[in-house]
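Have a look at data_30.txt below; it lists compact mmCIF, C-alpha atoms.
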# COMPACT_ATOMS: atom_id res chain seq x y z
CA MET A 24 -29.62 -28.97 -74.35
CA SER A 25 -27.43 -31.87 -75.39
CA SER A 26 -23.77 -30.99 -75.91
CA GLY A 27 -23.20 -33.48 -78.69
CA ARG A 28 -20.32 -35.90 -78.73
CA ARG A 29 -18.62 -34.64 -75.56
CA GLU A 30 -21.39 -35.48 -73.11
CA GLY A 31 -23.42 -38.62 -73.61
CA SER A 32 -22.34 -39.25 -77.20
CA LEU A 33 -19.53 -41.19 -78.81
CA GLU A 34 -20.21 -39.72 -82.22
CA ALA A 35 -17.14 -38.26 -83.89
CA PRO A 36 -17.13 -34.57 -84.78
CA THR A 37 -18.13 -33.63 -88.31
CA ARG A 38 -15.94 -31.19 -90.20
CA HIS A 39 -17.83 -29.30 -92.87
CA PRO A 40 -16.06 -28.33 -96.10
CA LEU A 41 -14.79 -24.77 -96.27
CA ASP A 42 -16.96 -22.72 -98.63
CA TRP A 43 -14.09 -20.38 -99.44
CA GLN A 44 -14.90 -19.90 -103.12
CA SER A 45 -18.32 -18.35 -102.53
CA GLU A 46 -18.78 -14.57 -102.38
CA GLU A 47 -20.78 -14.81 -99.16
CA PHE A 48 -17.73 -16.28 -97.45
CA TYR A 49 -16.01 -12.88 -97.82
CA ASP A 50 -19.01 -10.73 -96.84
CA GLU A 51 -18.01 -8.96 -93.64
CA VAL A 52 -21.58 -8.37 -92.37
CA PRO A 53 -22.57 -12.07 -92.00
CA LEU A 54 -19.03 -12.80 -90.82
CA LEU A 55 -19.40 -10.38 -87.89
CA GLU A 56 -22.82 -11.86 -87.09
CA GLU A 57 -21.35 -15.34 -86.97
CA LEU A 58 -18.41 -14.15 -84.87
CA GLU A 59 -20.83 -12.67 -82.34
CA ARG A 60 -22.91 -15.85 -82.28
CA VAL A 61 -19.92 -18.11 -81.69
CA PHE A 62 -18.25 -15.74 -79.24
CA ASP A 63 -21.44 -15.71 -77.19
CA ILE A 64 -21.39 -19.50 -77.02
CA CYS A 65 -17.71 -19.48 -76.06
CA HIS A 66 -18.38 -16.86 -73.37
CA GLY A 67 -21.05 -19.09 -71.85
CA CYS A 68 -18.79 -22.12 -71.84
CA ARG A 69 -15.18 -20.97 -71.31
CA ARG A 70 -13.70 -24.46 -71.44
CA CYS A 71 -10.93 -23.23 -73.75
CA PHE A 72 -9.61 -20.56 -71.38
CA ASN A 73 -6.20 -22.26 -71.12
CA LEU A 74 -5.50 -22.89 -74.79
CA CYS A 75 -4.30 -20.06 -77.03
CA ASN A 76 -4.63 -16.35 -76.18
CA SER A 77 -7.74 -15.90 -78.36
CA PHE A 78 -9.99 -17.03 -75.55
CA PRO A 79 -8.53 -14.94 -72.69
CA THR A 80 -8.64 -11.94 -75.06
CA LEU A 81 -12.34 -12.54 -75.68
CA PHE A 82 -13.27 -13.36 -72.10
CA ASP A 83 -11.38 -10.38 -70.65
CA ALA A 84 -13.11 -8.07 -73.14
CA VAL A 85 -16.52 -9.47 -72.13
CA ASP A 86 -15.78 -9.12 -68.41
CA GLU A 87 -14.55 -5.55 -68.84
CA SER A 88 -17.48 -4.44 -71.01
CA GLU A 89 -20.43 -2.41 -69.71
CA THR A 90 -22.91 -5.24 -70.31
CA MET A 91 -20.52 -8.06 -69.34
CA GLU A 92 -21.86 -9.87 -72.38
CA VAL A 93 -20.56 -10.21 -75.94
CA ASP A 94 -22.90 -7.46 -77.14
CA GLY A 95 -20.83 -5.01 -75.09
CA VAL A 96 -17.54 -5.92 -76.77
CA PRO A 97 -16.30 -3.49 -79.47
CA LYS A 98 -16.02 -5.09 -82.89
CA ALA A 99 -12.36 -4.06 -83.03
CA VAL A 100 -11.69 -6.60 -80.28
CA TYR A 101 -13.06 -9.34 -82.54
CA TRP A 102 -10.02 -8.86 -84.76
CA ASP A 103 -7.71 -9.12 -81.76
CA VAL A 104 -9.25 -12.52 -81.07
CA VAL A 105 -8.64 -13.49 -84.69
CA ASP A 106 -5.00 -12.35 -84.50
CA HIS A 107 -4.31 -14.64 -81.56
CA CYS A 108 -5.68 -17.74 -83.30
CA TYR A 109 -2.92 -19.70 -85.02
CA LEU A 110 -5.21 -22.51 -86.20
CA CYS A 111 -3.84 -25.19 -83.90
CA ASP A 112 -7.31 -26.83 -83.98
CA MET A 113 -7.12 -27.95 -80.36
CA CYS A 114 -10.31 -26.18 -79.29
CA TYR A 115 -12.25 -28.00 -82.00
CA MET A 116 -10.68 -31.41 -81.44
CA SER A 117 -10.30 -31.59 -77.68
CA LYS A 118 -12.36 -29.02 -75.83
CA CYS A 119 -15.49 -27.76 -77.56
CA PRO A 120 -18.75 -29.60 -76.77
CA TYR A 121 -20.63 -27.72 -79.50
CA VAL A 122 -18.85 -28.86 -82.63
CA PRO A 123 -21.00 -30.48 -85.33
CA PRO A 124 -23.05 -32.67 -85.28
CA HIS A 125 -24.22 -30.50 -82.38
CA GLU A 126 -26.94 -28.15 -83.63
CA TRP A 127 -24.93 -25.07 -82.58
CA ASN A 128 -22.37 -26.02 -85.22
CA VAL A 129 -19.32 -24.31 -83.71
CA ASP A 130 -16.07 -24.54 -85.67
CA PHE A 131 -13.94 -21.87 -84.03
CA PRO A 132 -10.72 -22.45 -86.02
CA HIS A 133 -12.42 -22.31 -89.40
CA LEU A 134 -14.40 -19.25 -88.36
CA MET A 135 -11.08 -17.61 -87.50
CA LEU A 136 -9.74 -18.75 -90.87
CA ARG A 137 -12.72 -17.16 -92.60
CA ALA A 138 -12.06 -13.90 -90.75
CA LYS A 139 -8.41 -14.00 -91.75
CA ALA A 140 -9.42 -14.59 -95.37
CA VAL A 141 -11.88 -11.68 -95.31
CA ARG A 142 -9.24 -9.35 -93.92
CA PHE A 143 -6.60 -10.61 -96.34
CA ARG A 144 -8.85 -9.91 -99.33
CA LYS A 145 -9.74 -6.47 -97.97
CA GLU A 146 -6.38 -5.28 -96.62
CA GLY A 147 -3.63 -7.66 -97.71
CA VAL A 148 -0.82 -8.33 -95.23
CA SER A 149 2.29 -6.63 -93.93
CA THR A 150 5.68 -7.02 -95.56
CA ARG A 151 6.82 -9.06 -92.56
CA ASP A 152 3.95 -11.53 -92.81
CA ARG A 153 4.41 -11.82 -96.57
CA ILE A 154 8.10 -12.67 -96.07
CA LEU A 155 7.56 -15.07 -93.17
CA SER A 156 4.95 -17.02 -95.13
CA ALA A 157 6.99 -17.18 -98.35
CA THR A 158 8.91 -20.23 -97.19
CA ASP A 159 9.84 -21.44 -100.67
CA ARG A 160 10.98 -18.07 -101.98
CA VAL A 161 12.88 -17.04 -98.84
CA GLY A 162 14.43 -20.49 -98.53
CA LYS A 163 15.72 -20.42 -102.09
CA LEU A 164 17.22 -16.98 -101.62
CA ALA A 165 18.69 -17.65 -98.17
CA GLY A 166 20.10 -20.97 -99.35
CA ILE A 167 22.29 -19.46 -102.07
CA PRO A 168 25.85 -20.37 -100.98
CA VAL A 169 27.11 -16.79 -101.02
CA VAL A 170 24.03 -15.62 -99.09
CA VAL A 171 23.48 -18.39 -96.55
CA LYS A 172 26.46 -17.54 -94.33
CA ALA A 173 25.38 -13.91 -94.08
CA VAL A 174 21.78 -14.82 -93.30
CA ASN A 175 22.74 -17.33 -90.60
CA ALA A 176 25.29 -14.92 -89.09
CA THR A 177 22.70 -12.13 -88.94
CA ASN A 178 20.18 -14.44 -87.26
CA ARG A 179 22.75 -15.34 -84.59
CA ASN A 180 24.03 -11.80 -84.02
CA LYS A 181 22.48 -9.50 -81.40
CA THR A 182 22.90 -6.41 -83.55
CA GLY A 183 21.44 -8.18 -86.55
CA ARG A 184 18.48 -9.38 -84.50
CA LYS A 185 17.80 -5.88 -83.18
CA LEU A 186 17.78 -4.61 -86.76
CA LEU A 187 15.47 -7.44 -87.81
CA GLU A 188 13.10 -6.55 -84.98
CA ALA A 189 13.12 -2.86 -85.87
CA THR A 190 12.59 -3.36 -89.61
CA LEU A 191 10.39 -6.46 -89.83
CA GLY A 192 8.95 -6.93 -86.34
CA VAL A 193 10.67 -10.28 -85.79
CA HIS A 194 11.34 -10.56 -82.06
CA ARG A 195 15.04 -10.34 -81.26
CA LYS A 196 14.93 -13.33 -78.89
CA ALA A 197 12.75 -15.67 -80.92
CA PRO A 198 14.68 -18.75 -82.08
CA LEU A 199 15.18 -18.68 -85.84
CA PRO A 200 16.23 -21.71 -87.88
CA ALA A 201 19.46 -21.87 -89.83
CA TYR A 202 19.40 -22.18 -93.63
CA HIS A 203 21.35 -24.74 -95.64
CA SER A 204 22.57 -24.42 -99.20
CA LYS A 205 22.93 -28.20 -99.39
CA THR A 206 19.26 -29.02 -99.01
CA ALA A 207 17.68 -32.33 -98.12
CA ARG A 208 16.59 -32.78 -101.72
CA LYS A 209 20.22 -32.40 -102.82
CA ARG A 210 21.49 -34.72 -100.10
CA LEU A 211 18.91 -37.36 -100.94
CA ALA A 212 19.05 -36.99 -104.71
CA ARG A 213 19.81 -40.72 -104.98
CA LEU A 214 16.18 -41.52 -104.13
CA LYS A 215 14.55 -42.33 -107.45
CA ALA A 216 11.03 -43.60 -107.98
CA ALA A 217 12.13 -45.46 -111.12
CA SER A 218 14.54 -47.74 -109.24
CA PRO A 219 13.63 -51.46 -108.97
CA PHE A 220 12.35 -52.32 -105.49
CA VAL A 221 11.47 -55.34 -103.44
CA VAL A 222 8.28 -54.28 -101.66
CA THR A 223 6.74 -55.88 -98.58
CA PRO A 224 3.20 -54.59 -98.07
CA THR A 225 1.15 -55.02 -94.91
CA GLU A 226 -2.58 -54.79 -94.34
CA ASN A 227 -2.46 -50.97 -94.08
CA THR A 228 0.74 -50.03 -95.94
CA ARG A 229 1.94 -50.62 -99.46
CA GLY A 230 5.54 -50.81 -98.34
CA LYS A 231 7.20 -48.08 -100.42
CA VAL A 232 7.19 -44.43 -99.47
CA VAL A 233 7.51 -41.02 -101.08
CA LEU A 234 9.17 -38.45 -98.83
CA TYR A 235 7.62 -35.00 -99.04
CA THR A 236 10.61 -33.16 -97.60
CA THR A 237 8.74 -29.95 -96.53
CA CYS A 238 10.18 -26.44 -96.65
CA TYR A 239 11.58 -26.73 -93.15
CA GLY A 240 13.01 -30.20 -93.58
CA ASN A 241 14.47 -29.38 -96.97
CA ARG A 242 16.12 -26.02 -96.28
CA ASN A 243 16.28 -25.51 -92.51
CA HIS A 244 16.82 -28.93 -90.96
CA PRO A 245 17.81 -31.46 -93.66
CA ALA A 246 19.05 -33.89 -91.03
CA ILE A 247 15.41 -34.63 -90.16
CA ASP A 248 14.79 -35.92 -93.67
CA GLU A 249 18.08 -37.82 -93.70
CA ASP A 250 17.25 -39.52 -90.39
CA LEU A 251 13.78 -40.45 -91.61
CA VAL A 252 15.14 -42.02 -94.80
CA ALA A 253 17.83 -43.90 -92.83
CA VAL A 254 15.27 -45.39 -90.42
CA PHE A 255 12.80 -46.30 -93.14
CA GLU A 256 15.45 -47.92 -95.34
CA HIS A 257 16.81 -49.79 -92.31
CA ASN A 258 13.33 -51.26 -92.08
CA GLY A 259 13.37 -52.39 -95.70
CA ILE A 260 11.07 -49.61 -96.94
CA PRO A 261 12.06 -48.27 -100.39
CA MET A 262 12.11 -44.46 -100.47
CA ALA A 263 11.73 -41.90 -103.23
CA MET A 264 11.17 -38.16 -103.59
CA ALA A 265 8.59 -36.45 -105.75
CA GLU A 266 9.98 -34.95 -108.96
CA LYS A 267 9.09 -31.48 -107.66
CA GLU A 268 7.55 -30.05 -104.53
CA SER A 269 6.24 -26.73 -103.30
CA CYS A 270 5.25 -25.46 -99.84
CA CYS A 271 2.25 -27.33 -98.48
CA GLY A 272 0.44 -24.00 -98.05
CA MET A 273 0.08 -23.94 -94.26
CA PRO A 274 1.88 -20.56 -93.80
CA LYS A 275 -0.42 -18.97 -96.37
CA LEU A 276 -3.46 -20.62 -94.79
CA GLU A 277 -2.58 -19.00 -91.47
CA LEU A 278 -2.68 -15.60 -93.20
CA GLY A 279 -6.01 -16.28 -94.89
CA ASP A 280 -4.37 -16.20 -98.33
CA LEU A 281 -6.47 -19.04 -99.70
CA GLU A 282 -5.68 -18.34 -103.34
CA ALA A 283 -1.99 -18.94 -102.58
CA VAL A 284 -2.94 -22.20 -100.86
CA ALA A 285 -4.77 -23.23 -104.04
CA LYS A 286 -1.71 -22.43 -106.17
CA ALA A 287 0.51 -24.58 -103.95
CA LYS A 288 -2.05 -27.37 -104.15
CA ASP A 289 -1.99 -27.18 -107.95
CA ILE A 290 1.77 -27.81 -107.87
CA ASN A 291 1.89 -30.57 -105.26
CA ILE A 292 -1.25 -32.64 -105.71
CA PRO A 293 -0.84 -33.76 -109.35
CA VAL A 294 2.72 -34.97 -108.67
CA LEU A 295 1.85 -36.76 -105.44
CA ALA A 296 -1.38 -38.23 -106.82
CA ALA A 297 0.53 -39.71 -109.76
CA MET A 298 2.91 -41.41 -107.34
CA VAL A 299 0.00 -42.76 -105.31
CA ASP A 300 -1.32 -44.22 -108.56
CA ASP A 301 2.06 -45.92 -108.98
CA GLY A 302 1.70 -47.62 -105.62
CA TRP A 303 3.47 -45.23 -103.26
CA ASP A 304 2.52 -44.11 -99.75
CA ILE A 305 3.57 -40.62 -98.59
CA VAL A 306 5.16 -39.32 -95.38
CA THR A 307 6.26 -35.86 -94.24
CA PRO A 308 8.52 -35.10 -91.26
CA ILE A 309 6.57 -32.02 -90.10
CA PRO A 310 3.13 -32.50 -88.48
CA SER A 311 1.70 -29.23 -89.85
CA CYS A 312 2.47 -30.30 -93.42
CA THR A 313 0.95 -33.73 -92.85
CA LEU A 314 -2.18 -32.09 -91.45
CA MET A 315 -2.41 -29.78 -94.44
CA PHE A 316 -2.70 -32.74 -96.80
CA LYS A 317 -4.79 -34.85 -94.45
CA GLN A 318 -7.33 -32.23 -93.41
CA GLU A 319 -7.17 -28.68 -94.71
CA LEU A 320 -6.80 -29.31 -98.44
CA PRO A 321 -9.57 -31.95 -98.45
CA LEU A 322 -11.86 -29.48 -96.68
CA MET A 323 -10.99 -26.73 -99.15
CA PHE A 324 -11.39 -29.00 -102.18
CA PRO A 325 -13.97 -31.61 -101.15
CA GLY A 326 -14.78 -32.64 -104.72
CA ASP A 327 -11.19 -33.11 -105.89
CA ALA A 328 -10.47 -36.82 -106.33
CA ASP A 329 -6.70 -36.33 -106.43
CA VAL A 330 -6.74 -34.37 -103.17
CA ALA A 331 -8.67 -37.23 -101.56
CA LYS A 332 -6.25 -39.75 -103.05
CA VAL A 333 -3.26 -37.95 -101.53
CA ARG A 334 -5.08 -37.57 -98.20
CA ASP A 335 -5.67 -41.32 -98.00
CA ALA A 336 -2.02 -42.11 -98.78
CA MET A 337 -0.52 -39.51 -96.41
CA TYR A 338 0.98 -40.64 -93.09
CA ASP A 339 2.84 -39.28 -90.13
CA PRO A 340 6.19 -41.14 -90.19
CA PHE A 341 5.75 -42.75 -86.78
CA GLU A 342 2.17 -43.67 -87.65
CA TYR A 343 3.60 -45.48 -90.66
CA LEU A 344 6.28 -47.26 -88.68
CA MET A 345 3.75 -48.48 -86.12
CA LEU A 346 1.50 -49.77 -88.90
CA ARG A 347 4.51 -51.69 -90.18
CA HIS A 348 5.08 -52.99 -86.65
CA LYS A 349 1.47 -54.13 -86.45
CA GLY A 350 2.03 -56.01 -89.70
CA GLY A 351 5.17 -57.68 -88.34
CA GLU A 352 7.53 -55.70 -90.58
CA LEU A 353 9.34 -53.37 -88.16
CA ASN A 354 12.91 -54.08 -87.17
CA THR A 355 13.04 -54.09 -83.36
CA GLU A 356 16.72 -55.00 -83.02
CA PHE A 357 18.12 -51.91 -81.32
CA THR A 358 21.74 -51.45 -80.29
CA LYS A 359 21.27 -49.07 -77.37
CA SER A 360 18.61 -47.74 -75.05
CA LEU A 361 17.46 -44.12 -74.93
CA GLY A 362 16.84 -43.84 -71.20
CA LYS A 363 14.27 -41.27 -70.15
CA VAL A 364 12.77 -39.16 -72.93
CA SER A 365 10.69 -36.03 -72.37
CA TYR A 366 8.37 -35.74 -75.37
CA GLN A 367 6.21 -32.73 -76.30
CA VAL A 368 3.37 -33.66 -78.66
CA PRO A 369 2.72 -30.86 -81.19
CA CYS A 370 -0.86 -29.65 -81.55
CA HIS A 371 -0.95 -30.40 -85.27
CA LEU A 372 -0.02 -33.99 -84.50
CA ARG A 373 -2.55 -34.38 -81.70
CA VAL A 374 -5.45 -33.28 -83.90
CA GLN A 375 -4.68 -35.95 -86.48
CA ASN A 376 -6.30 -38.45 -84.10
CA ILE A 377 -3.74 -41.19 -84.65
CA GLY A 378 -2.75 -41.67 -81.02
CA LEU A 379 0.74 -41.36 -79.55
CA LYS A 380 2.62 -43.24 -82.26
CA THR A 381 5.91 -41.44 -81.66
CA ARG A 382 5.85 -42.49 -78.02
CA ASP A 383 4.88 -46.05 -78.94
CA ALA A 384 7.75 -46.36 -81.43
CA LEU A 385 10.37 -44.96 -79.06
CA GLN A 386 9.20 -47.25 -76.25
CA LEU A 387 9.93 -50.26 -78.42
CA VAL A 388 13.57 -49.49 -77.62
CA PRO A 389 14.59 -51.51 -74.53
CA ASP A 390 15.09 -49.62 -71.27
CA THR A 391 13.42 -46.52 -72.66
CA LYS A 392 10.71 -44.55 -70.90
CA VAL A 393 8.88 -41.72 -72.64
CA GLU A 394 7.19 -39.00 -70.60
CA VAL A 395 4.48 -37.40 -72.73
CA ILE A 396 3.63 -33.70 -72.52
CA GLU A 397 0.37 -32.89 -74.31
CA ARG A 398 0.48 -29.10 -74.10
CA CYS A 399 1.07 -26.42 -76.71
CA SER A 400 4.57 -25.03 -77.23
CA GLY A 401 3.14 -21.62 -78.14
CA HIS A 402 5.22 -21.50 -81.31
CA ASP A 403 2.71 -22.46 -83.96
CA GLY A 404 4.11 -21.37 -87.28
CA THR A 405 5.15 -17.72 -87.25
CA TYR A 406 3.19 -16.60 -84.17
CA ALA A 407 6.09 -16.90 -81.73
CA VAL A 408 8.59 -15.00 -83.86
CA LYS A 409 6.43 -11.90 -84.19
CA LYS A 410 7.37 -9.04 -81.90
CA GLU A 411 3.85 -8.43 -80.64
CA PHE A 412 3.13 -12.10 -79.84
CA HIS A 413 6.46 -13.53 -78.71
CA GLU A 414 6.06 -12.96 -74.97
CA ILE A 415 2.53 -14.35 -75.08
CA SER A 416 3.82 -17.43 -76.87
CA LYS A 417 6.34 -17.93 -74.08
CA LYS A 418 3.54 -17.75 -71.53
CA ILE A 419 1.60 -20.41 -73.42
CA ALA A 420 4.73 -22.58 -73.43
CA ARG A 421 5.41 -22.22 -69.72
CA PRO A 422 3.58 -25.40 -68.58
CA VAL A 423 5.63 -27.44 -71.06
CA VAL A 424 8.87 -25.77 -69.97
CA ASN A 425 8.12 -26.52 -66.33
CA LYS A 426 7.38 -30.17 -67.05
CA VAL A 427 10.58 -30.54 -69.04
CA LYS A 428 12.59 -28.99 -66.21
CA ARG A 429 11.03 -31.34 -63.65
CA ALA A 430 11.54 -34.40 -65.85
CA GLU A 431 15.35 -34.16 -65.88
CA ALA A 432 15.27 -36.57 -68.80
CA ASP A 433 18.15 -37.85 -70.88
CA HIS A 434 16.55 -36.44 -74.03
CA PHE A 435 13.96 -33.85 -74.96
CA VAL A 436 12.14 -34.22 -78.28
CA SER A 437 9.20 -32.89 -80.24
CA ASP A 438 7.98 -33.93 -83.68
CA CYS A 439 7.94 -30.22 -84.51
CA PRO A 440 11.51 -28.82 -84.55
CA MET A 441 10.23 -25.25 -84.15
CA ALA A 442 8.31 -26.22 -81.02
CA ALA A 443 11.37 -28.04 -79.72
CA ALA A 444 13.54 -24.94 -80.19
CA GLN A 445 10.97 -22.75 -78.45
CA ILE A 446 10.96 -25.02 -75.39
CA ALA A 447 14.68 -25.69 -75.29
CA GLN A 448 15.46 -21.98 -75.27
CA GLU A 449 13.88 -21.73 -71.82
CA VAL A 450 15.70 -24.66 -70.22
CA ASP A 451 19.39 -24.44 -69.34
CA ASP A 452 21.67 -27.05 -70.92
CA LEU A 453 18.84 -28.65 -72.87
CA ASP A 454 19.41 -29.88 -76.40
CA ALA A 455 16.26 -30.24 -78.48
CA ASN A 456 16.19 -33.31 -80.67
CA ASN A 457 13.90 -34.92 -83.19
CA PRO A 458 12.38 -38.29 -82.24
CA MET A 459 13.38 -39.81 -85.59
CA SER A 460 16.98 -38.89 -84.83
CA LEU A 461 16.68 -40.68 -81.51
CA LEU A 462 15.25 -43.76 -83.17
CA ARG A 463 18.10 -43.76 -85.68
CA SER A 464 20.55 -43.51 -82.78
CA ALA A 465 18.86 -46.46 -81.06
CA TYR A 466 19.30 -48.52 -84.23
CA GLY A 467 22.96 -47.54 -84.35
CA ILE A 468 22.80 -46.53 -88.02
Output the structure of this file as structure tokens.
Amino acid sequence: MSSGRREGSLEAPTRHPLDWQSEEFYDEVPLLEELERVFDICHGCRRCFNLCNSFPTLFDAVDESETMEVDGVPKAVYWDVVDHCYLCDMCYMSKCPYVPPHEWNVDFPHLMLRAKAVRFRKEGVSTRDRILSATDRVGKLAGIPVVVKAVNATNRNKTGRKLLEATLGVHRKAPLPAYHSKTARKRLARLKAASPFVVTPTENTRGKVVLYTTCYGNRNHPAIDEDLVAVFEHNGIPMAMAEKESCCGMPKLELGDLEAVAKAKDINIPVLAAMVDDGWDIVTPIPSCTLMFKQELPLMFPGDADVAKVRDAMYDPFEYLMLRHKGGELNTEFTKSLGKVSYQVPCHLRVQNIGLKTRDALQLVPDTKVEVIERCSGHDGTYAVKKEFHEISKKIARPVVNKVKRAEADHFVSDCPMAAAQIAQEVDDLDANNPMSLLRSAYGI
């Protein structure tokens, strides 16, 4: 049987819309039937054995069963497989030969998402998972000036971390981000869409950009947003911020809380779509947030014209800069080289299918060599901070850690700051950086 696009075909994979608003979507009987069907295909293929822990969990269960086939695996194990999927999408985009248009129609990540949604509707989630996914609410609380010092001190303190592990199941050694009361949106409040601008469009860019700051960029690492704005403005790109912004919905998606995703969409999309109508492009500094607007929301709301409008105007920041470079509008006058850079490419950036734009931009800097590592960090949202998954996440990250150690580079970067922290924790005397910060440094601004 033909294996579709992977063998003998150049046809791109087809992603079907997510039928999450139908009642059948939440029916556990057909869900379990589909899980068995897809698991049987995966068992016969096993190409994804070295991705996340979902596949080893499944394959070990098959090999240890009486039949040594999927029909011998207890249904309880199915949910273990689901738990280990953090929706990185790499199996769909890089490994699986049976994705549509293949007749077997395998979409493993969205099947896992369906299972998460079924369980969420039936059982809800733990207090820990509810807190970890409430990025807006927790960020607002933790960012209160009188609270932020206590929160950050607790997250850095061994006793505090032991207590956090005992009460919420957050692993005591997992790197946790700091919170800032002076958020990126406060620091960049000068960015106004109503300001008069001189705009230089290119073939693929309109030349003025809305920054969607993201929960992480806004409250945990505002320097990322500041560096992005500095680099873009240095390149003559006018910047603005949306009047209001909510979480993109990715943390809730990972729980299967699709109604919460829809509520976040109802806050973000009208505001962003209106700015697209006014001639703005959009960038976000976090790959997962970019992917949410580029892929997941359009698949959840395939008939929504505003969702499609935002999707088509949404860019990874380095993708945008390289489009400007292609149009002859990127400033390539750098003041210093970066030397050797070890660069981990996050999964949620790889699956956007835009190529290695971060690498390409950094290598425009003279005397700079970028060593690319296309392996998962094992962090992936909240997976790595959970007590029961942390050590597994470290195992997944080990190939990246080993490559970084061997590289002995001048800099280590990842577009995902959480992935960068996960890797840097395992390498002595290694400072994790953001590639936009490096580019700003190369410009000397």
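Between CA of Lys359 (chain A) and CA of His257 (chain A) there is a distance of 15.6 Å.
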Which residues of region 272-295 of chain A come within 10 Å of region 134-141 of chain A, and what is each one's closest atom pair and distance in Å (one decimal), counting only C-alpha atoms, sorted by chain and residue number, as a Markdown table?
| residue | atom | partner | partner_atom | distance |
| --- | --- | --- | --- | --- |
| A:Leu276 | CA | A:Leu136 | CA | 7.6 |
| A:Glu277 | CA | A:Leu136 | CA | 7.2 |
| A:Leu278 | CA | A:Lys139 | CA | 6.1 |
| A:Gly279 | CA | A:Ala140 | CA | 3.8 |
| A:Asp280 | CA | A:Ala140 | CA | 6.1 |
| A:Leu281 | CA | A:Ala140 | CA | 6.9 |
| A:Glu282 | CA | A:Ala140 | CA | 9.6 |
I'd like to know which of A:Pro36, A:Pro340, A:Pro198, A:Gly183 is closest to His125 (chain A), using all atoms listed in the file. A:Pro36
Shell around Gln375 (chain A) at 10 Å using all atoms listed in the file, local window under 2 positions removed, as an MDAnalysis selection string: chainID A and resid 112 116 310:311 313:314 317:318 338:339 370:373 377:378
Name the residues in contact with region 100-105 of chain A at a cut-off of 9 Å, using only C-alpha atoms, excluding same-chain residues fewer than 4 positions from it; report them as a PDB file with C-alpha atoms, keeping the file's coordinate frame.
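Output file selection06.pdb is given in full below:
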ATOM      1  CA  LEU A  55     -19.400 -10.380 -87.890  1.00  0.00           C
ATOM      2  CA  LEU A  58     -18.410 -14.150 -84.870  1.00  0.00           C
ATOM      3  CA  GLU A  59     -20.830 -12.670 -82.340  1.00  0.00           C
ATOM      4  CA  PHE A  62     -18.250 -15.740 -79.240  1.00  0.00           C
ATOM      5  CA  ASN A  76      -4.630 -16.350 -76.180  1.00  0.00           C
ATOM      6  CA  SER A  77      -7.740 -15.900 -78.360  1.00  0.00           C
ATOM      7  CA  PHE A  78      -9.990 -17.030 -75.550  1.00  0.00           C
ATOM      8  CA  PRO A  79      -8.530 -14.940 -72.690  1.00  0.00           C
ATOM      9  CA  THR A  80      -8.640 -11.940 -75.060  1.00  0.00           C
ATOM     10  CA  LEU A  81     -12.340 -12.540 -75.680  1.00  0.00           C
ATOM     11  CA  ALA A  84     -13.110  -8.070 -73.140  1.00  0.00           C
ATOM     12  CA  VAL A  96     -17.540  -5.920 -76.770  1.00  0.00           C
ATOM     13  CA  TYR A 109      -2.920 -19.700 -85.020  1.00  0.00           C
ATOM     14  CA  LEU A 134     -14.400 -19.250 -88.360  1.00  0.00           C
ATOM     15  CA  MET A 135     -11.080 -17.610 -87.500  1.00  0.00           C
ATOM     16  CA  LEU A 136      -9.740 -18.750 -90.870  1.00  0.00           C
ATOM     17  CA  ALA A 138     -12.060 -13.900 -90.750  1.00  0.00           C
ATOM     18  CA  LYS A 139      -8.410 -14.000 -91.750  1.00  0.00           C
TER      19      LYS A 139
END
If you measure from CA of Ala285 (chain A) to CA of Asp304 (chain A), what distance in Å do you get, rounded to one decimal? 22.5 Å
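Distance check against Thr358 (chain A) using only C-alpha atoms: of A:Ala157, A:Val148, A:Leu462, A:Val436, the minimum falls on A:Leu462.
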Size and centre in Å, one decimal, axis-aligned box, all listed region 108-115 of chain A atoms plus 3 Å per side, as lines of an AutoDock Vina configuration file:
center_x = -7.6
center_y = -22.9
center_z = -82.7
size_x = 15.3
size_y = 16.3
size_z = 12.9
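In this comparison, which uses all atoms listed in the file, the residue of A:Thr182, A:Val85, A:Leu387, A:Phe357 approaching Pro97 (chain A) most closely is A:Val85.
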Separating CA of Gly401 (chain A) from CA of His413 (chain A), to the nearest tenth of an Å, is a gap of 8.8 Å
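Among the candidates A:Pro321, A:Pro224, A:Pro440, A:Pro389, the one nearest to Ser460 (chain A) when counting only C-alpha atoms is A:Pro440.
In this comparison, which uses all atoms listed in the file, the residue of A:Tyr366, A:Tyr202, A:Tyr466, A:Phe82 approaching Ala442 (chain A) most closely is A:Tyr366.
Using only C-alpha atoms, the protein and nucleic acid residues lying no more than 8 Å from Tyr115 (chain A), apart from those fewer than 3 places from it along its own chain, are Asp112, Lys118, Cys119, Val122, Asp130, Phe131 and Pro132 of chain A.
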Would you mind listing what lies within 9 Å of Leu74 (chain A) as a ChimeraX atom specification, with all atoms listed in the file counted and same-chain residues fewer than 6 positions away left out? /A:113-114,398-399,419
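Closest approach to His244 (chain A) from the set A:Lys332, A:Lys196, A:Lys205, A:Lys231 is made by A:Lys205, with distances taken over all atoms listed in the file.
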